[in-house]
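Asker: To be precise about what I am sending: the file is called run-v4.csv and holds CSV, C-alpha atoms and all ligand atoms.
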chain,number,residue,atom,x,y,z
N,201,MET,CA,6.5,-17.4,-22.3
N,202,GLY,CA,5.6,-15.8,-25.6
N,203,LYS,CA,4.4,-18.2,-28.2
N,204,TYR,CA,3.7,-15.9,-31.1
N,205,SER,CA,6.2,-14.4,-33.6
N,206,ALA,CA,5.6,-10.9,-32.2
N,207,ASP,CA,6.7,-12.2,-28.8
N,208,LYS,CA,9.7,-13.9,-30.3
N,209,ARG,CA,11.0,-10.6,-31.8
N,210,ASP,CA,10.6,-9.0,-28.4
N,211,ILE,CA,14.1,-8.1,-26.9
N,212,TYR,CA,13.1,-9.2,-23.4
N,213,TYR,CA,11.8,-12.5,-24.6
N,214,ARG,CA,15.1,-13.2,-26.3
N,215,MET,CA,17.1,-11.9,-23.3
N,216,ALA,CA,15.2,-14.3,-21.0
N,217,LYS,CA,16.1,-17.2,-23.3
N,218,VAL,CA,19.8,-16.2,-23.1
N,219,ASP,CA,19.8,-15.5,-19.3
N,220,GLY,CA,17.9,-18.7,-18.5
N,221,TYR,CA,14.8,-17.0,-17.1
N,222,ARG,CA,11.4,-18.8,-17.4
N,223,ALA,CA,9.6,-15.6,-18.5
N,224,ARG,CA,10.4,-12.1,-19.9
N,225,SER,CA,8.7,-10.6,-16.8
N,226,ALA,CA,12.0,-11.3,-14.9
N,227,TYR,CA,13.2,-8.0,-16.3
N,228,LYS,CA,10.4,-6.1,-14.7
N,229,LEU,CA,11.5,-7.1,-11.3
N,230,ILE,CA,15.2,-6.5,-12.1
N,231,GLN,CA,14.4,-3.0,-13.4
N,232,ILE,CA,12.3,-2.2,-10.3
N,233,HIS,CA,15.3,-3.4,-8.2
N,234,GLU,CA,17.7,-1.3,-10.2
N,235,LYS,CA,15.6,1.8,-9.6
N,236,PHE,CA,14.5,1.2,-6.0
N,237,ASN,CA,17.2,-1.2,-4.6
N,238,ILE,CA,14.4,-3.4,-3.1
N,239,PHE,CA,16.7,-6.4,-2.5
N,240,ALA,CA,19.1,-4.6,-0.2
N,241,GLY,CA,19.4,-6.6,3.1
N,242,VAL,CA,16.6,-9.1,2.1
N,243,LYS,CA,16.9,-12.7,3.2
N,244,ARG,CA,13.3,-13.9,3.5
N,245,CYS,CA,10.8,-13.2,0.8
N,246,VAL,CA,7.5,-14.3,-0.7
N,247,ASP,CA,6.7,-14.4,-4.4
N,248,LEU,CA,2.9,-14.4,-4.8
N,249,CYS,CA,1.5,-15.6,-8.1
N,250,GLY,CA,5.0,-16.7,-9.0
N,251,ALA,CA,4.5,-19.2,-11.9
N,252,PRO,CA,6.2,-20.0,-14.1
N,253,GLY,CA,8.9,-18.7,-11.8
N,254,SER,CA,11.0,-16.0,-13.3
N,255,TRP,CA,10.6,-13.6,-10.4
N,256,SER,CA,11.6,-16.3,-8.0
N,257,GLN,CA,14.7,-17.0,-10.2
N,258,VAL,CA,15.6,-13.3,-10.0
N,259,LEU,CA,15.1,-13.3,-6.2
N,260,HIS,CA,17.2,-16.4,-5.9
N,261,ARG,CA,20.1,-15.0,-8.0
N,262,TYR,CA,20.1,-11.5,-6.6
N,263,LEU,CA,19.7,-12.5,-2.9
N,264,HIS,CA,22.6,-14.9,-3.1
N,265,LYS,CA,24.8,-12.6,-5.1
N,266,ASP,CA,25.4,-10.0,-2.4
N,267,LEU,CA,25.5,-12.4,0.6
N,268,ASN,CA,28.4,-14.2,2.0
N,269,PRO,CA,28.0,-17.9,1.1
N,270,ASP,CA,28.3,-18.8,4.8
N,271,ASN,CA,24.9,-17.1,5.3
N,272,TRP,CA,23.2,-18.5,2.2
N,273,ASP,CA,21.1,-20.9,4.4
N,274,GLU,CA,19.4,-17.8,5.9
N,275,ILE,CA,17.8,-17.1,2.6
N,276,ARG,CA,14.2,-18.3,2.3
N,277,ILE,CA,12.1,-17.8,-0.8
N,278,VAL,CA,8.5,-19.0,-0.9
N,279,SER,CA,6.8,-18.9,-4.2
N,280,VAL,CA,3.0,-19.5,-4.6
N,281,ASP,CA,0.8,-19.9,-7.6
N,282,ILE,CA,-2.6,-21.4,-8.4
N,283,GLN,CA,-0.9,-23.3,-11.2
N,284,ALA,CA,1.7,-26.0,-10.7
N,285,MET,CA,5.3,-24.7,-11.0
N,286,ALA,CA,8.3,-26.7,-12.0
N,287,PRO,CA,10.6,-27.0,-9.0
N,288,MET,CA,13.4,-24.5,-8.5
N,289,ALA,CA,16.5,-25.1,-6.4
N,290,GLY,CA,16.4,-22.9,-3.2
N,291,VAL,CA,12.8,-22.0,-3.6
N,292,VAL,CA,9.8,-23.5,-1.7
N,293,THR,CA,6.9,-23.7,-4.1
N,294,ILE,CA,3.3,-23.9,-3.0
N,295,GLN,CA,0.4,-24.6,-5.4
N,296,GLY,CA,-2.5,-22.6,-4.0
N,297,ASP,CA,-5.0,-19.8,-4.6
N,298,ILE,CA,-3.9,-16.6,-2.8
N,299,THR,CA,-7.5,-15.7,-2.2
N,300,ARG,CA,-8.0,-18.7,0.0
N,301,MET,CA,-7.3,-18.7,3.7
N,302,SER,CA,-5.7,-22.1,3.6
N,303,THR,CA,-3.0,-20.8,1.2
N,304,ALA,CA,-2.2,-17.9,3.4
N,305,HIS,CA,-1.8,-20.2,6.4
N,306,GLU,CA,0.5,-22.4,4.4
N,307,ILE,CA,2.7,-19.5,3.5
N,308,ILE,CA,2.8,-18.3,7.1
N,309,GLY,CA,3.7,-21.8,8.1
N,310,HIS,CA,6.9,-21.6,6.1
N,311,PHE,CA,8.1,-18.6,8.0
N,312,CYS,CA,8.1,-20.3,11.4
N,313,GLY,CA,7.6,-17.2,13.4
N,314,SER,CA,10.0,-15.0,11.4
N,315,ALA,CA,8.6,-12.2,9.2
N,316,ALA,CA,9.5,-11.6,5.6
N,317,ASP,CA,11.7,-8.7,4.5
N,318,LEU,CA,10.0,-8.5,1.1
N,319,VAL,CA,6.7,-9.6,-0.6
N,320,VAL,CA,6.3,-9.4,-4.3
N,321,CYS,CA,3.2,-10.1,-6.3
N,322,ASP,CA,2.9,-10.2,-10.1
N,323,GLY,CA,-0.6,-11.7,-10.0
N,324,ALA,CA,-2.9,-11.3,-12.9
N,325,PRO,CA,-6.2,-13.0,-13.6
N,326,ASP,CA,-6.9,-14.7,-17.0
N,327,VAL,CA,-7.9,-11.6,-18.9
N,328,THR,CA,-11.5,-11.7,-20.2
N,329,GLY,CA,-11.2,-8.6,-22.3
N,330,LEU,CA,-14.1,-7.0,-20.4
N,331,HIS,CA,-12.1,-4.2,-18.8
N,332,ASP,CA,-14.3,-3.7,-15.7
N,333,ILE,CA,-14.4,-7.4,-14.8
N,334,ASP,CA,-10.6,-7.7,-15.4
N,335,THR,CA,-9.9,-4.7,-13.2
N,336,TYR,CA,-12.2,-5.9,-10.5
N,337,ILE,CA,-10.6,-9.4,-10.4
N,338,GLN,CA,-7.2,-7.8,-10.4
N,339,SER,CA,-8.2,-5.7,-7.4
N,340,GLU,CA,-9.5,-8.7,-5.6
N,341,LEU,CA,-6.2,-10.5,-6.2
N,342,LEU,CA,-4.3,-7.4,-5.0
N,343,LEU,CA,-6.5,-7.3,-1.9
N,344,SER,CA,-5.7,-10.9,-1.1
N,345,ALA,CA,-2.0,-10.2,-1.6
N,346,ILE,CA,-2.1,-7.2,0.8
N,347,ASN,CA,-4.0,-9.4,3.2
N,348,ILE,CA,-1.4,-12.1,3.3
N,349,THR,CA,1.4,-9.5,3.3
N,350,THR,CA,0.0,-7.9,6.5
N,351,HIS,CA,0.5,-11.3,8.1
N,352,VAL,CA,4.0,-12.1,6.9
N,353,LEU,CA,5.8,-8.8,6.3
N,354,LYS,CA,8.1,-7.4,9.0
N,355,THR,CA,7.6,-3.8,10.1
N,356,GLY,CA,9.8,-1.7,7.8
N,357,GLY,CA,9.5,-4.3,5.0
N,358,THR,CA,8.8,-3.8,1.3
N,359,PHE,CA,5.8,-4.9,-0.8
N,360,VAL,CA,5.9,-4.7,-4.6
N,361,ALA,CA,2.7,-5.6,-6.5
N,362,LYS,CA,1.3,-5.4,-10.0
N,363,ILE,CA,-1.7,-3.1,-10.3
N,364,PHE,CA,-3.9,-2.1,-13.2
N,365,ARG,CA,-3.5,1.6,-13.8
N,366,GLY,CA,-7.2,2.5,-14.0
N,367,LYS,CA,-9.2,5.5,-12.9
N,368,ASP,CA,-9.1,4.4,-9.2
N,369,VAL,CA,-5.3,4.4,-8.9
N,370,SER,CA,-5.3,7.4,-6.6
N,371,LEU,CA,-7.7,5.6,-4.3
N,372,LEU,CA,-5.5,2.6,-4.3
N,373,TRP,CA,-2.5,4.7,-3.5
N,374,THR,CA,-4.3,6.3,-0.6
N,375,GLN,CA,-5.3,2.9,0.8
N,376,LEU,CA,-1.7,1.5,0.5
N,377,LYS,CA,-0.4,4.7,2.2
N,378,ILE,CA,-2.3,3.5,5.3
N,379,PHE,CA,0.1,0.6,5.6
N,380,PHE,CA,3.3,2.0,4.0
N,381,ALA,CA,5.2,5.2,4.6
N,382,GLU,CA,6.2,5.3,1.0
N,383,VAL,CA,4.2,4.2,-2.0
N,384,ILE,CA,5.4,4.8,-5.6
N,385,ILE,CA,3.6,3.7,-8.7
N,386,THR,CA,6.1,2.8,-11.4
N,387,LYS,CA,6.2,1.1,-14.9
N,388,PRO,CA,9.5,-0.6,-15.8
N,389,LYS,CA,10.7,-0.3,-19.4
N,390,SER,CA,10.1,-4.0,-20.0
N,391,SER,CA,6.4,-3.6,-19.3
N,392,ARG,CA,4.7,-3.0,-22.6
N,393,ASN,CA,3.1,0.4,-23.2
N,394,SER,CA,0.1,-1.3,-24.6
N,395,SER,CA,-0.6,-2.9,-21.2
N,396,ILE,CA,-2.3,-1.1,-18.4
N,397,GLU,CA,-0.2,-2.8,-15.8
N,398,ALA,CA,2.0,-0.8,-13.5
N,399,PHE,CA,3.7,-1.7,-10.2
N,400,ALA,CA,3.2,-0.3,-6.7
N,401,VAL,CA,6.5,-0.2,-4.8
N,402,CYS,CA,5.5,0.1,-1.1
N,403,ARG,CA,8.3,0.7,1.4
N,404,HIS,CA,8.5,0.9,5.2
N,405,TYR,CA,5.6,-1.2,6.3
N,406,CYS,CA,4.0,0.5,9.3
N,407,PRO,CA,0.4,-0.7,9.9
N,408,PRO,CA,-1.8,1.5,12.0
N,409,GLU,CA,-1.4,0.8,15.7
N,410,ASP,CA,-4.8,-0.8,16.2
N,411,TYR,CA,-4.7,-2.8,12.9
N,412,LYS,CA,-5.4,-6.5,13.4
N,413,PRO,CA,-4.5,-8.6,10.4
N,414,PHE,CA,-7.4,-10.8,9.4
N,415,LEU,CA,-7.8,-13.5,6.7
N,416,PHE,CA,-10.9,-13.9,4.7
N,417,ASN,CA,-12.1,-13.3,1.3
N,418,SER,CA,-15.5,-11.9,0.7
N,419,PHE,CA,-16.1,-14.2,-2.3
N,420,VAL,CA,-15.4,-17.5,-0.7
N,421,ASP,CA,-15.6,-17.0,3.1
N,422,GLN,CA,-18.8,-16.4,4.9
N,423,LYS,CA,-17.2,-15.2,8.1
N,424,CYS,CA,-17.2,-11.5,7.3
N,425,ASP,CA,-20.3,-10.7,9.5
N,426,GLN,CA,-18.8,-12.5,12.5
N,427,TYR,CA,-15.5,-10.8,11.9
N,428,PHE,CA,-17.0,-7.3,11.9
N,429,GLN,CA,-19.1,-8.2,15.0
N,430,ASP,CA,-15.8,-9.1,16.7
N,431,MET,CA,-14.1,-5.9,15.8
N,432,ASN,CA,-14.2,-3.0,18.2
N,433,ASN,CA,-13.7,0.4,16.6
N,434,GLY,CA,-10.3,-0.7,15.3
N,435,SER,CA,-8.8,0.8,12.2
N,436,ASN,CA,-10.0,-2.3,10.3
N,437,GLU,CA,-13.6,-1.4,10.8
N,438,HIS,CA,-15.0,0.1,7.6
N,439,ILE,CA,-18.6,-0.8,7.4
N,440,ILE,CA,-20.3,2.6,7.2
N,441,PRO,CA,-23.6,2.8,9.1
N,442,PHE,CA,-26.6,3.4,7.0
N,443,MET,CA,-30.1,4.5,8.1
N,444,SER,CA,-32.9,5.1,5.7
N,445,CYS,CA,-34.6,8.5,5.9
N,446,GLY,CA,-38.2,9.3,5.0
N,447,ASP,CA,-41.4,7.1,4.5
N,448,LEU,CA,-43.9,6.3,1.8
N,449,SER,CA,-45.6,9.8,2.1
N,450,SER,CA,-42.6,11.5,0.5
N,451,PHE,CA,-42.2,11.9,-3.2
N,452,ASP,CA,-40.6,9.0,-5.0
N,453,SER,CA,-37.3,10.2,-6.5
N,454,ASP,CA,-37.6,7.8,-9.4
N,455,ARG,CA,-40.9,9.3,-10.6
N,456,SER,CA,-41.5,12.7,-12.2
N,457,TYR,CA,-44.0,15.2,-10.7
N,458,PRO,CA,-45.2,18.6,-12.0
N,459,LEU,CA,-43.6,21.6,-10.4
N,460,ASN,CA,-46.9,22.8,-8.7
N,461,ILE,CA,-48.5,19.6,-7.4
N,462,GLU,CA,-51.6,21.3,-5.9
N,463,THR,CA,-52.6,23.0,-9.2
N,464,HIS,CA,-52.0,19.8,-11.0
N,465,GLU,CA,-54.3,17.9,-8.6
N,466,SER,CA,-57.2,20.5,-9.0
N,467,VAL,CA,-56.9,20.3,-12.8
N,468,LEU,CA,-57.1,16.5,-12.5
N,469,ARG,CA,-60.2,16.8,-10.4
N,470,VAL,CA,-61.9,19.2,-13.0
N,471,VAL,CA,-61.0,16.9,-15.9
N,472,LEU,CA,-62.4,13.9,-14.0
N,473,GLY,CA,-65.7,15.8,-13.3
N,474,VAL,CA,-66.1,16.7,-16.9
N,475,VAL,CA,-65.5,13.1,-18.0
N,476,LEU,CA,-68.1,11.9,-15.5
N,477,VAL,CA,-70.8,14.4,-16.6
N,478,SER,CA,-70.1,13.5,-20.2
N,479,ILE,CA,-70.7,9.8,-19.4
N,480,VAL,CA,-74.0,10.5,-17.6
N,481,MET,CA,-75.2,12.8,-20.4
N,482,ALA,CA,-74.2,10.3,-23.1
N,483,SER,CA,-76.0,7.5,-21.2
N,484,GLY,CA,-79.2,9.7,-21.0
N,485,CYS,CA,-79.1,10.2,-24.8
N,486,VAL,CA,-78.6,6.5,-25.4
N,487,SER,CA,-81.5,5.6,-23.1
N,488,GLY,CA,-83.8,8.2,-24.8
N,489,TYR,CA,-82.9,6.8,-28.2
N,490,LEU,CA,-83.5,3.2,-27.0
N,491,GLY,CA,-86.9,4.4,-25.5
N,492,GLY,CA,-87.9,5.8,-28.9
N,493,ILE,CA,-87.2,2.6,-30.7
N,494,PHE,CA,-89.1,0.6,-28.0
N,495,HIS,CA,-92.1,2.9,-28.4
N,496,ARG,CA,-92.2,2.5,-32.2
N,497,VAL,CA,-91.9,-1.3,-32.0
N,498,SER,CA,-94.8,-1.5,-29.5
N,499,GLU,CA,-96.9,0.8,-31.8
N,500,PHE,CA,-96.2,-1.5,-34.8
N,501,PHE,CA,-97.5,-4.6,-33.0
N,502,ARG,CA,-100.6,-2.8,-31.7
N,503,VAL,CA,-101.6,-2.1,-35.3
T,601,LIG,N1,5.9,-13.4,-11.9
T,601,LIG,C1,5.7,-14.6,-12.7
T,601,LIG,C2,7.0,-14.9,-13.4
T,601,LIG,O1,7.8,-14.0,-13.5
T,601,LIG,O2,7.2,-16.0,-13.8
T,601,LIG,C3,4.6,-14.4,-13.7
T,601,LIG,C4,3.3,-14.3,-13.1
T,601,LIG,S1,2.0,-14.4,-14.2
T,601,LIG,C5,2.0,-12.8,-15.0
T,601,LIG,C6,0.5,-14.2,-13.2
T,601,LIG,C7,0.3,-15.4,-12.4
T,601,LIG,O3,-0.7,-15.1,-11.5
T,601,LIG,C8,-0.2,-16.7,-13.2
T,601,LIG,O4,0.8,-17.7,-13.1
T,601,LIG,C9,-1.5,-17.1,-12.5
T,601,LIG,O5,-1.6,-18.5,-12.4
T,601,LIG,C10,-1.3,-16.4,-11.2
T,601,LIG,N2,-2.6,-16.2,-10.4
T,601,LIG,C11,-3.7,-15.7,-10.9
T,601,LIG,N3,-4.7,-15.8,-10.0
T,601,LIG,C12,-4.1,-16.4,-8.9
T,601,LIG,C13,-4.6,-16.8,-7.6
T,601,LIG,N4,-5.9,-16.5,-7.2
T,601,LIG,N5,-3.8,-17.4,-6.7
T,601,LIG,C14,-2.5,-17.6,-7.1
T,601,LIG,N6,-2.0,-17.3,-8.3
T,601,LIG,C15,-2.8,-16.7,-9.2
As C-alpha cells, how would this structure be written, given the file I've shared?

Answerer:
Amino acid sequence: MGKYSADKRDIYYRMAKVDGYRARSAYKLIQIHEKFNIFAGVKRCVDLCGAPGSWSQVLHRYLHKDLNPDNWDEIRIVSVDIQAMAPMAGVVTIQGDITRMSTAHEIIGHFCGSAADLVVCDGAPDVTGLHDIDTYIQSELLLSAINITTHVLKTGGTFVAKIFRGKDVSLLWTQLKIFFAEVIITKPKSSRNSSIEAFAVCRHYCPPEDYKPFLFNSFVDQKCDQYFQDMNNGSNEHIIPFMSCGDLSSFDSDRSYPLNIETHESVLRVVLGVVLVSIVMASGCVSGYLGGIFHRVSEFFRV
C-alpha cells in the first residue's frame, strides 16, 4: 500500500481503501478482466506472488459473483508469495518462493489432480534501480511462473502475468506463443505510465505435443545437466550445439594485423638486421676506443 503523500492522492489508492482491497493493484486485474473477460467460467485459479492479497481478493469476489451459491465450494484459489500474507477467507495461502521446486510441488498438491482454469502472476522483485538487473530478475520470476503454470494449467486455460516492457518484449511474446494460441500485451489504466510494467494476457493454453513440463531453476537447482541428458529431441531441448573452429595457427581476432602481413614481416626482418649491424659496429668503436686508452696507460707506466 502506498505510504507517501503522492500515493495517498492517487485515485486507485483511495478507491482501494473504500472498496476494501489490500492494494491499489486490485484495479489492474479488474481492468484486465473488464477488457478480456478472463474470469468467465473460472473455478480454480492460482495467484502467484499474491501478497498482500488484493488480486486474490478480486478473484474471490468475482468468481463467487457469477456462480450459483450451491457451487461455491467448487471454487479453489491458491495464493503464493515469498512474504507472509494475512489470511483471507476462501483463499489457500502458501508462503514460498516461486523459483523453488518445493513451492511448485506445494501448489500442485492443492489441486489434487485437477488443473487450474486460470493462473495470474503479479510478481515483481525488489527493484534495485539497476535496470538490467531488475529486468533480468523479473524475467527469471516470469520463467518460474510459466514453469509452474505448465504443470497446473488446463489445456485451453488462461495465464496473465506482469512483464517489464523492455527491448526484448517481442522475443518474450514469441516464446509465450509457443504455449498459448493468443498472447496480448496490455497496460491497464491503473498501471502508472512512469512504470515499465505491462501484462501479458495469454489465452488458450496449448503446449507443443512433445512438451514435457519440468521443474528446476537454473539459479538454485543443479539438475539442469541431468535433465537435458534425459531429454530426447523434445521441444524442450534448447541447448544449441557449439563446436570451435580453427586452431592457434589462425589470426587472433582480438589482435590487429597489417593488411599485407608478408611485406610487414620482410620490413621487420630488414629493421632487425640494421639494428644488429649497428650494435656490432658500435661495439667495435667502443673496443677501439678502450684499446687506445689501454695503450696510452701502458706507455705512461713504461716511462
Ligand atoms: N498482486 C499483489 C496484490 O495485488 O496484492 C501484489 C504483488 S506485489 C506487486 C509483488 C509480489 O511479488 C511481492 O509481494 C513479492 O513478495 C512477490 N515476490 C517477489 N519475488 C517472489 C518470489 N521469488 N516468489 C514469490 N513471491 C515473490

Asker: Taking all atoms listed in the file and a cut-off of 8 Å, can you tell me which residues surround ligand LIG 601 (chain T), written as a VMD selection string?

Answerer: chain N and resid 222 to 226 247 to 256 280 to 283 295 to 300 321 to 326 341

Asker: Excluding Ala316 (chain N) and any residue of its chain fewer than 4 positions from it, enumerate the residues within 9 Å of it, using all atoms listed in the file, and give them as a short mmCIF file (atom, residue, chain, number, x, y, z; two decimals) with C-alpha atoms, in the frame of the given file.

Answerer:
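Contents of the output file around.cif:
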data_model
loop_
_atom_site.label_atom_id
_atom_site.label_comp_id
_atom_site.auth_asym_id
_atom_site.auth_seq_id
_atom_site.Cartn_x
_atom_site.Cartn_y
_atom_site.Cartn_z
CA VAL N 242 16.60 -9.10 2.10
CA LYS N 243 16.90 -12.70 3.20
CA ARG N 244 13.30 -13.90 3.50
CA CYS N 245 10.80 -13.20 0.80
CA VAL N 246 7.50 -14.30 -0.70
CA ARG N 276 14.20 -18.30 2.30
CA PHE N 311 8.10 -18.60 8.00
CA THR N 349 1.40 -9.50 3.30
CA VAL N 352 4.00 -12.10 6.90
CA LEU N 353 5.80 -8.80 6.30
CA LYS N 354 8.10 -7.40 9.00
CA GLY N 357 9.50 -4.30 5.00
CA THR N 358 8.80 -3.80 1.30
#

Asker: Can you work out the spacing between CA of Asp334 (chain N) and CA of Ala398 (chain N) in Å, to one decimal?

Answerer: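 Computing it gives 14.5 Å between the two atoms.
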
Asker: Just checking: using all atoms listed in the file, which residue out of N:Asn460, N:Ser344, N:Ser450, N:Ser339 ends up closest to Asp368 (chain N)?

Answerer: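 When distances to Asp368 (chain N) are compared using all atoms listed in the file, the smallest one comes from N:Ser339.
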
Asker: I'd like to know which of N:Tyr336, N:Gly241, N:Pro407, N:Thr355 is closest to Gln375 (chain N), using only C-alpha atoms.

Answerer: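 Distance minimum relative to Gln375 (chain N) lands on N:Pro407.
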
Asker: Identify the residues within 9 Å of coordinate (-0.1, 0.3, 5.3) (same frame as the file), considering all atoms listed in the file, and give the answer as an MDAnalysis selection string.

Answerer: chainID N and resid 346 350 375:381 402 404:408

Asker: Please report the interatomic distance between CA of Ile363 (chain N) and CA of Phe399 (chain N) in Å with one decimal.

Answerer: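 These atoms are spaced 5.6 Å apart.
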
Asker: Take CA of Tyr262 (chain N) and CA of Ala240 (chain N) and report the distance between them in Å, one decimal.

Answerer: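 Separation between CA of Tyr262 (chain N) and CA of Ala240 (chain N): 9.5 Å.
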
Asker: Could you please give me, as number ranges by chain, the residues of protein, DNA or RNA lying at most 12 Å from (13.5, -11.2, -21.0) in the coordinate frame of the file, considering all atoms listed in the file?

Answerer: N: 201-202, 207-231, 254-255, 258, 389-391

Asker: Neighbours of Ile238 (chain N) within 9 Å (all atoms listed in the file; same-chain residues fewer than 3 positions away dropped), as a PyMOL selection string?

Answerer: chain N and resi 232-235+241-242+318+358+360+401+403
